[in-house]
$ cat my_file06.cif   # mmCIF, N, CA and C atoms
data_entry
loop_
_atom_site.label_atom_id
_atom_site.label_comp_id
_atom_site.auth_asym_id
_atom_site.auth_seq_id
_atom_site.Cartn_x
_atom_site.Cartn_y
_atom_site.Cartn_z
N MET A 1 3.42 10.86 -32.95
CA MET A 1 4.02 9.89 -32.06
C MET A 1 5.32 9.39 -32.70
N THR A 2 6.36 9.32 -31.90
CA THR A 2 7.63 8.78 -32.38
C THR A 2 8.15 7.74 -31.40
N PHE A 3 8.99 6.88 -31.91
CA PHE A 3 9.62 5.87 -31.07
C PHE A 3 11.09 6.25 -30.89
N THR A 4 11.47 6.45 -29.65
CA THR A 4 12.82 6.87 -29.31
C THR A 4 13.29 6.05 -28.13
N ALA A 5 14.36 5.28 -28.29
CA ALA A 5 14.87 4.47 -27.19
C ALA A 5 15.58 5.37 -26.17
N PHE A 6 15.17 5.23 -24.91
CA PHE A 6 15.76 6.02 -23.83
C PHE A 6 15.83 5.15 -22.59
N ARG A 7 17.00 5.01 -22.02
CA ARG A 7 17.17 4.23 -20.79
C ARG A 7 16.94 5.15 -19.60
N ASN A 8 15.96 4.78 -18.77
CA ASN A 8 15.55 5.60 -17.64
C ASN A 8 15.83 4.83 -16.35
N SER A 9 16.81 5.28 -15.58
CA SER A 9 17.13 4.60 -14.32
C SER A 9 16.26 5.09 -13.17
N GLY A 10 15.50 6.15 -13.40
CA GLY A 10 14.64 6.71 -12.36
C GLY A 10 13.18 6.33 -12.55
N ALA A 11 12.32 7.16 -12.02
CA ALA A 11 10.87 6.96 -12.16
C ALA A 11 10.38 7.80 -13.33
N ALA A 12 9.08 8.00 -13.41
CA ALA A 12 8.48 8.76 -14.51
C ALA A 12 9.16 10.12 -14.66
N GLY A 13 9.43 10.49 -15.88
CA GLY A 13 10.08 11.76 -16.15
C GLY A 13 11.52 11.83 -15.67
N SER A 14 12.15 10.68 -15.53
CA SER A 14 13.53 10.56 -15.06
C SER A 14 13.71 11.13 -13.65
N PHE A 15 12.64 11.09 -12.86
CA PHE A 15 12.70 11.53 -11.46
C PHE A 15 13.59 10.58 -10.67
N ALA A 16 14.50 11.11 -9.86
CA ALA A 16 15.38 10.35 -8.96
C ALA A 16 16.15 9.25 -9.70
N PRO A 17 16.99 9.63 -10.67
CA PRO A 17 17.71 8.61 -11.46
C PRO A 17 18.69 7.76 -10.66
N ARG A 18 19.08 8.19 -9.48
CA ARG A 18 20.01 7.41 -8.67
C ARG A 18 19.31 6.49 -7.68
N ALA A 19 17.99 6.44 -7.73
CA ALA A 19 17.22 5.64 -6.78
C ALA A 19 16.70 4.35 -7.41
N THR A 20 17.43 3.79 -8.34
CA THR A 20 16.98 2.59 -9.04
C THR A 20 16.68 1.44 -8.08
N LEU A 21 17.54 1.23 -7.09
CA LEU A 21 17.31 0.15 -6.13
C LEU A 21 16.04 0.39 -5.32
N VAL A 22 15.75 1.65 -5.01
CA VAL A 22 14.52 1.98 -4.28
C VAL A 22 13.30 1.61 -5.13
N PHE A 23 13.32 1.96 -6.41
CA PHE A 23 12.20 1.65 -7.30
C PHE A 23 12.07 0.15 -7.51
N THR A 24 13.19 -0.56 -7.54
CA THR A 24 13.14 -2.01 -7.64
C THR A 24 12.43 -2.60 -6.43
N PHE A 25 12.82 -2.16 -5.24
CA PHE A 25 12.20 -2.63 -4.00
C PHE A 25 10.72 -2.27 -3.96
N LEU A 26 10.36 -1.03 -4.34
CA LEU A 26 8.95 -0.62 -4.33
C LEU A 26 8.11 -1.47 -5.28
N ALA A 27 8.66 -1.78 -6.45
CA ALA A 27 7.92 -2.62 -7.40
C ALA A 27 7.67 -4.01 -6.82
N ILE A 28 8.66 -4.56 -6.14
CA ILE A 28 8.49 -5.88 -5.51
C ILE A 28 7.41 -5.82 -4.44
N VAL A 29 7.42 -4.77 -3.62
CA VAL A 29 6.40 -4.60 -2.57
C VAL A 29 5.00 -4.48 -3.18
N VAL A 30 4.87 -3.68 -4.23
CA VAL A 30 3.57 -3.51 -4.89
C VAL A 30 3.07 -4.84 -5.44
N LEU A 31 3.95 -5.60 -6.09
CA LEU A 31 3.55 -6.89 -6.65
C LEU A 31 3.10 -7.86 -5.55
N ILE A 32 3.82 -7.88 -4.42
CA ILE A 32 3.44 -8.77 -3.32
C ILE A 32 2.09 -8.35 -2.73
N LEU A 33 1.89 -7.05 -2.51
CA LEU A 33 0.62 -6.58 -1.94
C LEU A 33 -0.57 -6.90 -2.84
N ILE A 34 -0.40 -6.65 -4.13
CA ILE A 34 -1.50 -6.95 -5.06
C ILE A 34 -1.76 -8.45 -5.13
N ALA A 35 -0.71 -9.26 -5.15
CA ALA A 35 -0.90 -10.71 -5.19
C ALA A 35 -1.61 -11.21 -3.94
N ARG A 36 -1.36 -10.58 -2.80
CA ARG A 36 -2.02 -11.01 -1.56
C ARG A 36 -3.50 -10.63 -1.53
N VAL A 37 -3.84 -9.45 -2.05
CA VAL A 37 -5.22 -8.98 -1.98
C VAL A 37 -6.07 -9.50 -3.15
N ALA A 38 -5.45 -9.86 -4.24
CA ALA A 38 -6.18 -10.25 -5.46
C ALA A 38 -7.21 -11.36 -5.26
N PRO A 39 -6.92 -12.41 -4.50
CA PRO A 39 -7.93 -13.47 -4.36
C PRO A 39 -9.23 -13.02 -3.69
N SER A 40 -9.19 -11.93 -2.94
CA SER A 40 -10.40 -11.49 -2.24
C SER A 40 -11.15 -10.38 -2.98
N VAL A 41 -10.63 -9.93 -4.12
CA VAL A 41 -11.29 -8.86 -4.87
C VAL A 41 -12.56 -9.39 -5.51
N ARG A 42 -13.67 -8.67 -5.31
CA ARG A 42 -14.96 -9.11 -5.83
C ARG A 42 -15.57 -8.13 -6.84
N SER A 43 -14.81 -7.14 -7.23
CA SER A 43 -15.30 -6.13 -8.16
C SER A 43 -14.47 -6.20 -9.45
N THR A 44 -15.16 -6.20 -10.57
CA THR A 44 -14.46 -6.24 -11.86
C THR A 44 -13.59 -5.01 -12.04
N GLY A 45 -14.10 -3.84 -11.66
CA GLY A 45 -13.32 -2.61 -11.79
C GLY A 45 -12.03 -2.65 -10.98
N TRP A 46 -12.13 -3.10 -9.74
CA TRP A 46 -10.95 -3.22 -8.90
C TRP A 46 -9.98 -4.25 -9.48
N ALA A 47 -10.50 -5.35 -9.99
CA ALA A 47 -9.64 -6.39 -10.58
C ALA A 47 -8.89 -5.84 -11.79
N VAL A 48 -9.58 -5.08 -12.63
CA VAL A 48 -8.92 -4.48 -13.81
C VAL A 48 -7.86 -3.48 -13.37
N GLY A 49 -8.20 -2.60 -12.45
CA GLY A 49 -7.25 -1.59 -11.98
C GLY A 49 -6.02 -2.21 -11.35
N LEU A 50 -6.22 -3.14 -10.44
CA LEU A 50 -5.09 -3.79 -9.79
C LEU A 50 -4.28 -4.64 -10.78
N GLY A 51 -4.97 -5.26 -11.73
CA GLY A 51 -4.28 -6.05 -12.75
C GLY A 51 -3.38 -5.18 -13.63
N LEU A 52 -3.86 -4.01 -14.00
CA LEU A 52 -3.04 -3.09 -14.80
C LEU A 52 -1.82 -2.61 -14.02
N ILE A 53 -2.02 -2.27 -12.75
CA ILE A 53 -0.89 -1.84 -11.92
C ILE A 53 0.11 -2.98 -11.78
N PHE A 54 -0.39 -4.19 -11.55
CA PHE A 54 0.48 -5.37 -11.42
C PHE A 54 1.29 -5.58 -12.70
N ALA A 55 0.63 -5.49 -13.85
CA ALA A 55 1.32 -5.68 -15.13
C ALA A 55 2.39 -4.62 -15.35
N GLY A 56 2.07 -3.38 -15.07
CA GLY A 56 3.04 -2.30 -15.27
C GLY A 56 4.22 -2.40 -14.32
N ALA A 57 3.94 -2.66 -13.04
CA ALA A 57 5.02 -2.80 -12.07
C ALA A 57 5.90 -3.99 -12.42
N GLY A 58 5.27 -5.08 -12.86
CA GLY A 58 6.03 -6.27 -13.25
C GLY A 58 6.90 -6.03 -14.48
N GLY A 59 6.36 -5.31 -15.45
CA GLY A 59 7.12 -5.01 -16.66
C GLY A 59 8.33 -4.14 -16.36
N ASN A 60 8.14 -3.10 -15.58
CA ASN A 60 9.27 -2.24 -15.24
C ASN A 60 10.27 -2.97 -14.34
N LEU A 61 9.76 -3.83 -13.45
CA LEU A 61 10.66 -4.60 -12.59
C LEU A 61 11.53 -5.54 -13.43
N ALA A 62 10.94 -6.15 -14.44
CA ALA A 62 11.72 -7.04 -15.32
C ALA A 62 12.87 -6.28 -15.96
N ASP A 63 12.60 -5.04 -16.42
CA ASP A 63 13.69 -4.23 -16.97
C ASP A 63 14.76 -3.97 -15.92
N ARG A 64 14.36 -3.62 -14.73
CA ARG A 64 15.33 -3.30 -13.67
C ARG A 64 16.15 -4.52 -13.26
N ILE A 65 15.57 -5.69 -13.37
CA ILE A 65 16.30 -6.91 -12.99
C ILE A 65 17.23 -7.39 -14.09
N PHE A 66 16.76 -7.39 -15.34
CA PHE A 66 17.50 -8.05 -16.40
C PHE A 66 18.34 -7.13 -17.30
N ARG A 67 18.16 -5.83 -17.23
CA ARG A 67 18.94 -4.93 -18.09
C ARG A 67 20.23 -4.49 -17.39
N THR A 68 21.19 -4.03 -18.19
CA THR A 68 22.45 -3.54 -17.64
C THR A 68 22.19 -2.29 -16.82
N PRO A 69 22.94 -2.01 -15.78
CA PRO A 69 24.24 -2.58 -15.44
C PRO A 69 24.18 -3.82 -14.56
N GLY A 70 23.01 -4.28 -14.14
CA GLY A 70 22.99 -5.51 -13.35
C GLY A 70 21.72 -5.66 -12.56
N PHE A 71 21.64 -6.77 -11.85
CA PHE A 71 20.45 -7.17 -11.11
C PHE A 71 19.97 -6.06 -10.17
N GLY A 72 18.71 -5.64 -10.37
CA GLY A 72 18.10 -4.63 -9.52
C GLY A 72 18.54 -3.21 -9.80
N ARG A 73 19.48 -3.03 -10.73
CA ARG A 73 20.00 -1.69 -11.02
C ARG A 73 19.81 -1.31 -12.48
N GLY A 74 19.11 -2.14 -13.22
CA GLY A 74 18.94 -1.87 -14.64
C GLY A 74 18.02 -0.70 -14.91
N ALA A 75 18.19 -0.10 -16.06
CA ALA A 75 17.36 1.04 -16.46
C ALA A 75 16.17 0.54 -17.27
N VAL A 76 15.03 1.15 -17.02
CA VAL A 76 13.81 0.84 -17.76
C VAL A 76 13.94 1.41 -19.17
N LEU A 77 13.51 0.67 -20.16
CA LEU A 77 13.58 1.15 -21.54
C LEU A 77 12.28 1.87 -21.88
N ASP A 78 12.34 3.19 -21.98
CA ASP A 78 11.22 4.01 -22.43
C ASP A 78 11.39 4.25 -23.92
N PHE A 79 10.26 4.26 -24.65
CA PHE A 79 10.42 4.36 -26.11
C PHE A 79 9.29 5.07 -26.84
N ILE A 80 8.24 5.50 -26.16
CA ILE A 80 7.11 6.14 -26.83
C ILE A 80 7.10 7.62 -26.46
N GLN A 81 7.00 8.48 -27.48
CA GLN A 81 6.95 9.91 -27.23
C GLN A 81 5.89 10.55 -28.11
N PHE A 82 5.06 11.38 -27.49
CA PHE A 82 4.06 12.15 -28.21
C PHE A 82 4.51 13.60 -28.26
N GLY A 83 4.83 14.10 -29.45
CA GLY A 83 5.28 15.48 -29.59
C GLY A 83 6.51 15.75 -28.75
N GLU A 84 6.45 16.81 -27.95
CA GLU A 84 7.57 17.18 -27.09
C GLU A 84 7.38 16.67 -25.66
N SER A 85 6.44 15.76 -25.47
CA SER A 85 6.18 15.23 -24.13
C SER A 85 7.31 14.30 -23.70
N GLY A 86 7.21 13.82 -22.48
CA GLY A 86 8.19 12.88 -21.97
C GLY A 86 8.14 11.56 -22.73
N ILE A 87 9.12 10.75 -22.50
CA ILE A 87 9.21 9.44 -23.13
C ILE A 87 8.77 8.40 -22.11
N PHE A 88 7.96 7.44 -22.52
CA PHE A 88 7.43 6.44 -21.60
C PHE A 88 7.37 5.09 -22.29
N ASN A 89 6.90 4.06 -21.56
CA ASN A 89 6.74 2.74 -22.15
C ASN A 89 5.34 2.20 -21.83
N LEU A 90 5.03 1.02 -22.31
CA LEU A 90 3.70 0.46 -22.09
C LEU A 90 3.45 0.14 -20.61
N ALA A 91 4.49 -0.26 -19.89
CA ALA A 91 4.33 -0.55 -18.47
C ALA A 91 3.91 0.72 -17.71
N ASP A 92 4.49 1.85 -18.07
CA ASP A 92 4.11 3.12 -17.44
C ASP A 92 2.63 3.41 -17.70
N GLN A 93 2.18 3.14 -18.90
CA GLN A 93 0.78 3.38 -19.23
C GLN A 93 -0.16 2.45 -18.47
N CYS A 94 0.28 1.21 -18.26
CA CYS A 94 -0.53 0.28 -17.45
C CYS A 94 -0.67 0.78 -16.02
N VAL A 95 0.43 1.25 -15.43
CA VAL A 95 0.38 1.77 -14.07
C VAL A 95 -0.54 2.99 -14.01
N THR A 96 -0.42 3.89 -14.96
CA THR A 96 -1.24 5.10 -14.99
C THR A 96 -2.72 4.76 -15.16
N ALA A 97 -3.03 3.90 -16.12
CA ALA A 97 -4.43 3.51 -16.34
C ALA A 97 -4.98 2.76 -15.13
N GLY A 98 -4.19 1.88 -14.55
CA GLY A 98 -4.63 1.14 -13.37
C GLY A 98 -4.91 2.05 -12.20
N ALA A 99 -4.03 3.04 -11.99
CA ALA A 99 -4.25 4.00 -10.91
C ALA A 99 -5.52 4.80 -11.14
N ALA A 100 -5.78 5.16 -12.40
CA ALA A 100 -7.01 5.90 -12.71
C ALA A 100 -8.25 5.05 -12.41
N VAL A 101 -8.21 3.79 -12.79
CA VAL A 101 -9.35 2.89 -12.53
C VAL A 101 -9.56 2.72 -11.03
N VAL A 102 -8.48 2.54 -10.28
CA VAL A 102 -8.59 2.40 -8.82
C VAL A 102 -9.17 3.67 -8.20
N LEU A 103 -8.73 4.83 -8.66
CA LEU A 103 -9.29 6.09 -8.15
C LEU A 103 -10.78 6.22 -8.47
N ILE A 104 -11.16 5.85 -9.66
CA ILE A 104 -12.58 5.90 -10.03
C ILE A 104 -13.39 4.98 -9.14
N GLN A 105 -12.89 3.77 -8.91
CA GLN A 105 -13.61 2.83 -8.04
C GLN A 105 -13.73 3.39 -6.62
N THR A 106 -12.66 4.02 -6.15
CA THR A 106 -12.66 4.60 -4.81
C THR A 106 -13.67 5.73 -4.71
N PHE A 107 -13.64 6.66 -5.66
CA PHE A 107 -14.56 7.80 -5.62
C PHE A 107 -16.01 7.39 -5.81
N ARG A 108 -16.24 6.31 -6.53
CA ARG A 108 -17.61 5.80 -6.71
C ARG A 108 -18.08 5.01 -5.49
N GLY A 109 -17.17 4.73 -4.58
CA GLY A 109 -17.53 3.99 -3.37
C GLY A 109 -17.70 2.50 -3.60
N VAL A 110 -17.09 1.97 -4.64
CA VAL A 110 -17.18 0.55 -4.94
C VAL A 110 -16.21 -0.20 -4.01
N PRO A 111 -16.72 -1.11 -3.20
CA PRO A 111 -15.83 -1.84 -2.30
C PRO A 111 -14.95 -2.83 -3.08
N MET A 112 -13.73 -2.99 -2.59
CA MET A 112 -12.82 -3.94 -3.22
C MET A 112 -13.26 -5.36 -2.89
N ARG A 113 -13.71 -5.54 -1.67
CA ARG A 113 -14.16 -6.85 -1.20
C ARG A 113 -15.61 -6.75 -0.76
N THR A 114 -16.30 -7.86 -0.79
CA THR A 114 -17.68 -7.90 -0.33
C THR A 114 -17.68 -8.03 1.19
N VAL A 115 -18.47 -7.20 1.85
CA VAL A 115 -18.60 -7.29 3.29
C VAL A 115 -19.97 -7.88 3.60
N VAL A 116 -19.97 -8.97 4.36
CA VAL A 116 -21.23 -9.61 4.74
C VAL A 116 -21.34 -9.60 6.26
N THR A 117 -22.55 -9.55 6.75
CA THR A 117 -22.79 -9.58 8.19
C THR A 117 -23.24 -10.98 8.56
N SER A 118 -22.55 -11.54 9.54
CA SER A 118 -22.92 -12.88 9.97
C SER A 118 -24.01 -12.78 11.04
N GLY A 119 -24.62 -13.89 11.33
CA GLY A 119 -25.64 -13.93 12.37
C GLY A 119 -25.03 -14.01 13.75
N LEU A 120 -23.71 -14.06 13.84
CA LEU A 120 -23.03 -14.21 15.12
C LEU A 120 -22.68 -12.84 15.70
N GLY A 121 -23.61 -12.24 16.40
CA GLY A 121 -23.35 -10.97 17.05
C GLY A 121 -23.24 -9.80 16.09
N GLY A 122 -23.64 -9.99 14.84
CA GLY A 122 -23.63 -8.90 13.86
C GLY A 122 -22.24 -8.46 13.41
N ARG A 123 -21.24 -9.31 13.60
CA ARG A 123 -19.89 -8.95 13.16
C ARG A 123 -19.78 -9.01 11.63
N ALA A 124 -19.09 -8.01 11.09
CA ALA A 124 -18.89 -8.00 9.64
C ALA A 124 -17.68 -8.87 9.29
N LEU A 125 -17.85 -9.66 8.27
CA LEU A 125 -16.77 -10.51 7.78
C LEU A 125 -16.44 -10.11 6.36
N GLU A 126 -15.14 -10.01 6.04
CA GLU A 126 -14.75 -9.72 4.66
C GLU A 126 -14.68 -10.99 3.88
N ARG A 127 -15.11 -10.90 2.64
CA ARG A 127 -15.02 -12.04 1.73
C ARG A 127 -14.24 -11.66 0.52
#

$ encode --input "my_file06.cif" --output "structure tokens"
Amino acid sequence: MTFTAFRNSGAAGSFAPRATLVFTFLAIVVLILIARVAPSVRSTGWAVGLGLIFAGAGGNLADRIFRTPGFGRGAVLDFIQFGESGIFNLADQCVTAGAAVVLIQTFRGVPMRTVVTSGLGGRALER
């Protein structure tokens, strides 16, 4: 493992380096969606997965907002490299781990929210 500073204006693996504003907008949307659904999450696994994605998206968004060349156009600082693999940062790893946890919860059939049936006509209510 080596530490190498690399400014990445694109997504993972320097994909779409000219789409920095798009990735900034997507990170904001992801953060808003997770913040809206988080209060209703009733599963520890889902909470961990969504929390990791939130942390990673927030970390990369902070780089895009506060780093040069300016607001919403900054490059993410990637700095961790294993052998000849790509260079990444801790926020990338949070997003990757969070996505893996969410996929595991989905494949296991673990509901994100608890569904209860009320006595009123048998309608299901989300909690």

$ resolve_selection --input "my_file06.cif" --expression "the PyMOL selection byres ((chain A and resi 49) around 6)" --output "short mmCIF file (atom, residue, chain, number, x, y, z; two decimals) with N, CA and C atoms, in the frame of the given file"
data_model
loop_
_atom_site.label_atom_id
_atom_site.label_comp_id
_atom_site.auth_asym_id
_atom_site.auth_seq_id
_atom_site.Cartn_x
_atom_site.Cartn_y
_atom_site.Cartn_z
N THR A 44 -15.16 -6.20 -10.57
CA THR A 44 -14.46 -6.24 -11.86
C THR A 44 -13.59 -5.01 -12.04
N GLY A 45 -14.10 -3.84 -11.66
CA GLY A 45 -13.32 -2.61 -11.79
C GLY A 45 -12.03 -2.65 -10.98
N TRP A 46 -12.13 -3.10 -9.74
CA TRP A 46 -10.95 -3.22 -8.90
C TRP A 46 -9.98 -4.25 -9.48
N ALA A 47 -10.50 -5.35 -9.99
CA ALA A 47 -9.64 -6.39 -10.58
C ALA A 47 -8.89 -5.84 -11.79
N VAL A 48 -9.58 -5.08 -12.63
CA VAL A 48 -8.92 -4.48 -13.81
C VAL A 48 -7.86 -3.48 -13.37
N LEU A 50 -6.22 -3.14 -10.44
CA LEU A 50 -5.09 -3.79 -9.79
C LEU A 50 -4.28 -4.64 -10.78
N GLY A 51 -4.97 -5.26 -11.73
CA GLY A 51 -4.28 -6.05 -12.75
C GLY A 51 -3.38 -5.18 -13.63
N LEU A 52 -3.86 -4.01 -14.00
CA LEU A 52 -3.04 -3.09 -14.80
C LEU A 52 -1.82 -2.61 -14.02
N ILE A 53 -2.02 -2.27 -12.75
CA ILE A 53 -0.89 -1.84 -11.92
C ILE A 53 0.11 -2.98 -11.78
N PHE A 54 -0.39 -4.19 -11.55
CA PHE A 54 0.48 -5.37 -11.42
C PHE A 54 1.29 -5.58 -12.70
N ALA A 97 -3.03 3.90 -16.12
CA ALA A 97 -4.43 3.51 -16.34
C ALA A 97 -4.98 2.76 -15.13
N GLY A 98 -4.19 1.88 -14.55
CA GLY A 98 -4.63 1.14 -13.37
C GLY A 98 -4.91 2.05 -12.20
N ALA A 99 -4.03 3.04 -11.99
CA ALA A 99 -4.25 4.00 -10.91
C ALA A 99 -5.52 4.80 -11.14
N VAL A 101 -8.21 3.79 -12.79
CA VAL A 101 -9.35 2.89 -12.53
C VAL A 101 -9.56 2.72 -11.03
N VAL A 102 -8.48 2.54 -10.28
CA VAL A 102 -8.59 2.40 -8.82
C VAL A 102 -9.17 3.67 -8.20
#

$ select_by_dssp --input "my_file06.cif" --residues "chain A" --states "strand (DSSP E or B)" --output "list in words"
Thr2, Phe3, Thr4, Ala5, Phe6, Arg7, Asn8, Val76, Leu77, Asp78, Phe79, Ile80, Gln81, Ile87, Phe88, Val115, Val116, Thr117, Ala124, Leu125 and Glu126 of chain A

$ atom_distance --input "my_file06.cif" --atom1 "atom CA of Leu33 of chain A" --atom2 "atom CA of Phe79 of chain A"
28.3 Å

$ closest_residue --input "my_file06.cif" --among "A:Ser43, A:Ser85, A:Ala5, A:Ala57" --to "Val30 of chain A" --atoms "all atoms listed in the file"
A:Ala57

$ atom_distance --input "my_file06.cif" --atom1 "atom CA of Ala75 of chain A" --atom2 "atom CA of Ile32 of chain A"
21.5 Å

$ resolve_selection --input "my_file06.cif" --expression "the PyMOL selection byres ((chain A and resi 24) around 8)" --output "JSON, numbers by chain"
{"A": [19, 20, 21, 22, 23, 25, 26, 27, 28, 29, 30, 60, 61, 64, 65, 72, 73]}

$ residues_around --input "my_file06.cif" --residues "Gln81 of chain A" --least-positions-apart "6" --cutoff "8 Å" --atoms "only N, CA and C atoms" --output "VMD selection string"
chain A and resid 1 to 4 87 to 89

$ atom_distance --input "my_file06.cif" --atom1 "atom CA of Asp78 of chain A" --atom2 "atom N of Arg7 of chain A"
5.9 Å
